[in-house]
Amino acid sequence: MRIMHTLFSSGFAGTERATAEMCNACVTEHEVTLVLQKQHRASNGVSIRDHLDDRVRVIEVSRWFPAWGLARAIRDHKPEIIHTHLRKSTRLVARLKPPCATISTLHMWVNGPHFLEMDGLIVIAQWQKKDLERYRGRIFDINESLIPTPRVDAEQRRHLRALAGAGEADFLIGGVGRLAKSKGFDTLIRAFEQAAIPDAKLVIIGDGRERKRLEQLVQSDRVRFLGFRPDAKAFYQAFDLFVSPSRSEPLGRVLFEAIDAGTPVLATATQGPSEILVRYPGTLVPIDDVNAMSAALRSLATQKLARVDHDLSAYHLENVVRETLHAYRELIEARGNASVAR
């Protein structure tokens, strides 16, 4: 199968990780192309390109005239299906009206009419369907992918906790994600400082434009910023509590990574976490409520919940890939039948 993915973002966050995982998994048996904009590296230098299998063909197009490069890539490589990610690349594919099947993953929400012009849409959360009442294409319920993280041993765990500024007796609270306003790390910092939990430490892993402002909110030496780390997933096993303080969180890949590690979870009642924490244990607090989050931190620190193993096989990459390839074949066949009918 000739598969083309399009993604015109920069850096390496949840959407980029999901796209890279899908490309890498499919390229073992299929011809996979990924079209990026040339400015795909974030200010800290990270990019999806650093996480791709060498067999994935990468085409970089101009940021200013991306339609030209994308049209040429489609003409030269003749994909049987184009899988778009996020708004910009989906809008361009919709405008080009390529002679092949098209599908888009709703990593967020339907933030533009071009999504409704795709032959198929992948929804990763049920709340996304509320925007699809008038959609006439095919809807596929396919989970976000997860590659389970190997368990770290006691020595590795001590090392990770030391990097986070915590000893064995400390209660280590962790947050992971882009340092953007939508992620709400300012709420977490304020709630942590207000909670004043004895022997508690807070570590935030990730980078972004909000970092300097967030560092200015810190009132003690018990908060540490580690920046972007390629081994971020291993840190979940070092946390005693994981917190997702987002103001908007369509799904929350970080929640699954924490649950996979067996780590107790506290999250704001945003879209994705409100669905996820019905199926898996966790604590929800209102969005932007410093007092509620502070109280929850104190309560969970006192409880010191045990780590628990959960069955996340429905999210494992091999199962998600199998369902995605089935969706591709269905759309390719439907497009072929439509062409014959005409």
# chains A, B, ... in the order shown; residues from 1 in each chain; ligands from 1
$ select_by_dssp --residues "range 72-183 of chain A" --states "strand (DSSP E)" --output "list in words"
Ile81, Ile82, His83, Thr84, His85, Ala101, Thr102, Ile103, Ser104, Thr105, Leu106, Gly120, Leu121, Ile122, Val123, Arg138, Ile139, Phe140, Asp141, Phe171, Leu172, Ile173, Gly174, Gly175 and Val176 of chain A
$ residues_around --residues "range 119-135 of chain A" --least-positions-apart "5" --cutoff "9 Å" --atoms "only C-alpha atoms" --output "tab-separated table (two decimals) with C-alpha atoms, in the first residue's frame"
chain	number	residue	atom	x	y	z
A	101	ALA	CA	-8.65	8.31	-0.67
A	102	THR	CA	-8.18	10.76	2.20
A	103	ILE	CA	-8.46	10.37	5.95
A	104	SER	CA	-7.68	12.61	8.92
A	105	THR	CA	-7.14	11.87	12.59
A	106	LEU	CA	-8.93	14.30	14.90
A	107	HIS	CA	-6.07	14.87	17.32
A	108	MET	CA	-8.08	17.84	18.61
A	109	TRP	CA	-11.51	18.88	17.39
A	110	VAL	CA	-13.14	19.86	14.09
A	140	PHE	CA	-13.60	5.22	12.51
A	141	ASP	CA	-13.27	4.80	16.27
A	142	ILE	CA	-9.56	4.10	16.71
A	143	ASN	CA	-7.66	4.63	19.94
A	144	GLU	CA	-4.58	6.76	20.35
A	250	PRO	CA	-8.65	16.56	23.64
A	251	LEU	CA	-7.43	13.16	24.78
A	271	GLN	CA	-12.46	16.62	27.39
A	272	GLY	CA	-10.17	13.60	27.21
A	275	GLU	CA	-13.56	10.15	29.40
A	276	ILE	CA	-10.38	8.30	30.34
A	324	THR	CA	-5.92	1.96	10.92
A	327	ALA	CA	-9.72	1.85	7.62
A	328	TYR	CA	-7.27	2.66	4.81
A	331	LEU	CA	-11.59	3.91	2.02
A	335	ARG	CA	-12.91	5.32	-3.72
$ residues_around --residues "Ser248 in chain A" --least-positions-apart "3" --cutoff "7 Å" --atoms "only C-alpha atoms" --output "list in words"
Ser182, Lys183 and Thr270 of chain A
$ atom_distance --atom1 "CA of His85 in chain A" --atom2 "CA of Glu16 in chain A"
8.9 Å
$ residues_around --residues "range 292-307 of chain A" --least-positions-apart "6" --cutoff "7 Å" --atoms "only C-alpha atoms" --output "PyMOL selection string"
chain A and resi 171+191-192+194-195+197+262-264+285
$ write_last_selection --atoms "C-alpha atoms" --output "PDB file, in the first residue's frame"
ATOM      1  CA  PHE A 171       6.585  12.558  47.528  1.00  0.00           C
ATOM      2  CA  ALA A 191      -1.542  24.650  43.696  1.00  0.00           C
ATOM      3  CA  PHE A 192       1.685  22.888  44.677  1.00  0.00           C
ATOM      4  CA  GLN A 194      -0.263  26.506  48.214  1.00  0.00           C
ATOM      5  CA  ALA A 195      -0.517  22.866  49.322  1.00  0.00           C
ATOM      6  CA  ILE A 197       3.048  19.294  51.479  1.00  0.00           C
ATOM      7  CA  GLY A 262       0.991   2.314  37.177  1.00  0.00           C
ATOM      8  CA  THR A 263       1.224   5.861  38.519  1.00  0.00           C
ATOM      9  CA  PRO A 264      -1.787   7.500  40.261  1.00  0.00           C
ATOM     10  CA  VAL A 285     -10.684  18.569  39.613  1.00  0.00           C
TER      11      VAL A 285
END
$ atom_distance --atom1 "CA of Pro273 in chain A" --atom2 "CA of Gly174 in chain A"
16.5 Å
$ residues_around --residues "Leu226 in chain A" --least-positions-apart "5" --cutoff "8 Å" --atoms "only C-alpha atoms" --output "list of chain:residue names"
A:Ala164, A:Val203, A:Ile204, A:Ile205, A:Gly206
$ write_last_selection --atoms "N, CA and C atoms" --output "tab-separated table (two decimals), in the first residue's frame"
chain	number	residue	atom	x	y	z
A	164	ALA	N	15.14	14.61	39.27
A	164	ALA	CA	13.97	15.43	39.55
A	164	ALA	C	14.09	16.17	40.88
A	203	VAL	N	8.27	18.20	39.72
A	203	VAL	CA	9.14	18.27	38.55
A	203	VAL	C	8.27	18.40	37.30
A	204	ILE	N	8.68	19.28	36.40
A	204	ILE	CA	7.95	19.49	35.15
A	204	ILE	C	8.90	19.19	34.00
A	205	ILE	N	8.48	18.26	33.14
A	205	ILE	CA	9.30	17.83	32.01
A	205	ILE	C	8.65	18.32	30.72
A	206	GLY	N	9.39	19.07	29.94
A	206	GLY	CA	8.87	19.63	28.70
A	206	GLY	C	9.43	21.02	28.50
$ select_by_dssp --residues "range 91-326 of chain A" --states "alpha helix (DSSP H)" --output "PyMOL selection string"
chain A and resi 91-96+154-163+185-195+211-217+232-235+253-260+271-279+290-303+317-326
$ write_last_selection --atoms "C-alpha atoms" --output "tab-separated table (two decimals), in the first residue's frame"
chain	number	residue	atom	x	y	z
A	91	ARG	CA	-6.87	22.18	4.74
A	92	LEU	CA	-4.29	21.93	1.95
A	93	VAL	CA	-5.19	18.35	1.07
A	94	ALA	CA	-8.89	19.28	0.97
A	95	ARG	CA	-8.14	22.17	-1.40
A	96	LEU	CA	-6.01	20.02	-3.70
A	154	ALA	CA	15.25	0.27	41.52
A	155	GLU	CA	18.60	1.85	40.69
A	156	GLN	CA	17.24	3.54	37.56
A	157	ARG	CA	14.24	4.80	39.51
A	158	ARG	CA	16.50	6.35	42.17
A	159	HIS	CA	18.53	7.99	39.41
A	160	LEU	CA	15.42	9.48	37.75
A	161	ARG	CA	14.13	10.75	41.09
A	162	ALA	CA	17.51	12.33	41.83
A	163	LEU	CA	17.38	14.16	38.49
A	185	PHE	CA	1.19	24.32	34.39
A	186	ASP	CA	0.77	27.69	36.12
A	187	THR	CA	-2.23	26.24	37.94
A	188	LEU	CA	-0.18	23.22	39.00
A	189	ILE	CA	2.70	25.35	40.31
A	190	ARG	CA	0.37	27.63	42.29
A	191	ALA	CA	-1.54	24.65	43.70
A	192	PHE	CA	1.69	22.89	44.68
A	193	GLU	CA	3.07	25.94	46.46
A	194	GLN	CA	-0.26	26.51	48.21
A	195	ALA	CA	-0.52	22.87	49.32
A	211	ARG	CA	8.87	28.36	30.53
A	212	LYS	CA	10.27	31.69	31.74
A	213	ARG	CA	6.88	32.84	32.97
A	214	LEU	CA	6.34	29.56	34.80
A	215	GLU	CA	9.76	29.72	36.44
A	216	GLN	CA	8.85	33.16	37.80
A	217	LEU	CA	5.87	31.62	39.64
A	232	ALA	CA	10.41	11.45	29.44
A	233	LYS	CA	8.27	8.28	29.41
A	234	ALA	CA	10.62	6.56	31.86
A	235	PHE	CA	10.04	9.30	34.45
A	253	ARG	CA	-1.64	10.74	25.70
A	254	VAL	CA	0.27	11.63	28.87
A	255	LEU	CA	-2.50	10.09	30.95
A	256	PHE	CA	-2.11	6.75	29.19
A	257	GLU	CA	1.64	6.92	29.65
A	258	ALA	CA	1.15	7.52	33.38
A	259	ILE	CA	-1.48	4.75	33.65
A	260	ASP	CA	0.86	2.41	31.75
A	271	GLN	CA	-12.46	16.62	27.39
A	272	GLY	CA	-10.17	13.60	27.21
A	273	PRO	CA	-9.41	13.04	30.90
A	274	SER	CA	-13.13	13.17	31.70
A	275	GLU	CA	-13.56	10.15	29.40
A	276	ILE	CA	-10.38	8.30	30.34
A	277	LEU	CA	-10.81	8.51	34.11
A	278	VAL	CA	-14.20	6.85	33.88
A	279	ARG	CA	-12.48	3.72	32.55
A	290	VAL	CA	-6.05	26.27	42.26
A	291	ASN	CA	-7.82	25.61	45.56
A	292	ALA	CA	-9.38	22.34	44.38
A	293	MET	CA	-6.10	21.11	42.92
A	294	SER	CA	-4.21	22.09	46.06
A	295	ALA	CA	-6.67	20.17	48.22
A	296	ALA	CA	-6.45	17.14	45.92
A	297	LEU	CA	-2.65	17.19	46.07
A	298	ARG	CA	-2.72	17.20	49.88
A	299	SER	CA	-5.26	14.39	49.99
A	300	LEU	CA	-3.44	12.16	47.50
A	301	ALA	CA	-0.09	12.77	49.22
A	302	THR	CA	-1.64	11.59	52.47
A	303	GLN	CA	-3.21	8.52	50.86
A	317	LEU	CA	0.43	0.22	18.82
A	318	GLU	CA	0.05	-3.10	17.01
A	319	ASN	CA	-3.72	-3.09	17.58
A	320	VAL	CA	-4.10	0.57	16.58
A	321	VAL	CA	-2.06	-0.04	13.41
A	322	ARG	CA	-4.20	-3.04	12.45
A	323	GLU	CA	-7.41	-1.00	12.80
A	324	THR	CA	-5.92	1.96	10.92
A	325	LEU	CA	-4.80	-0.19	7.99
A	326	HIS	CA	-8.30	-1.70	7.85
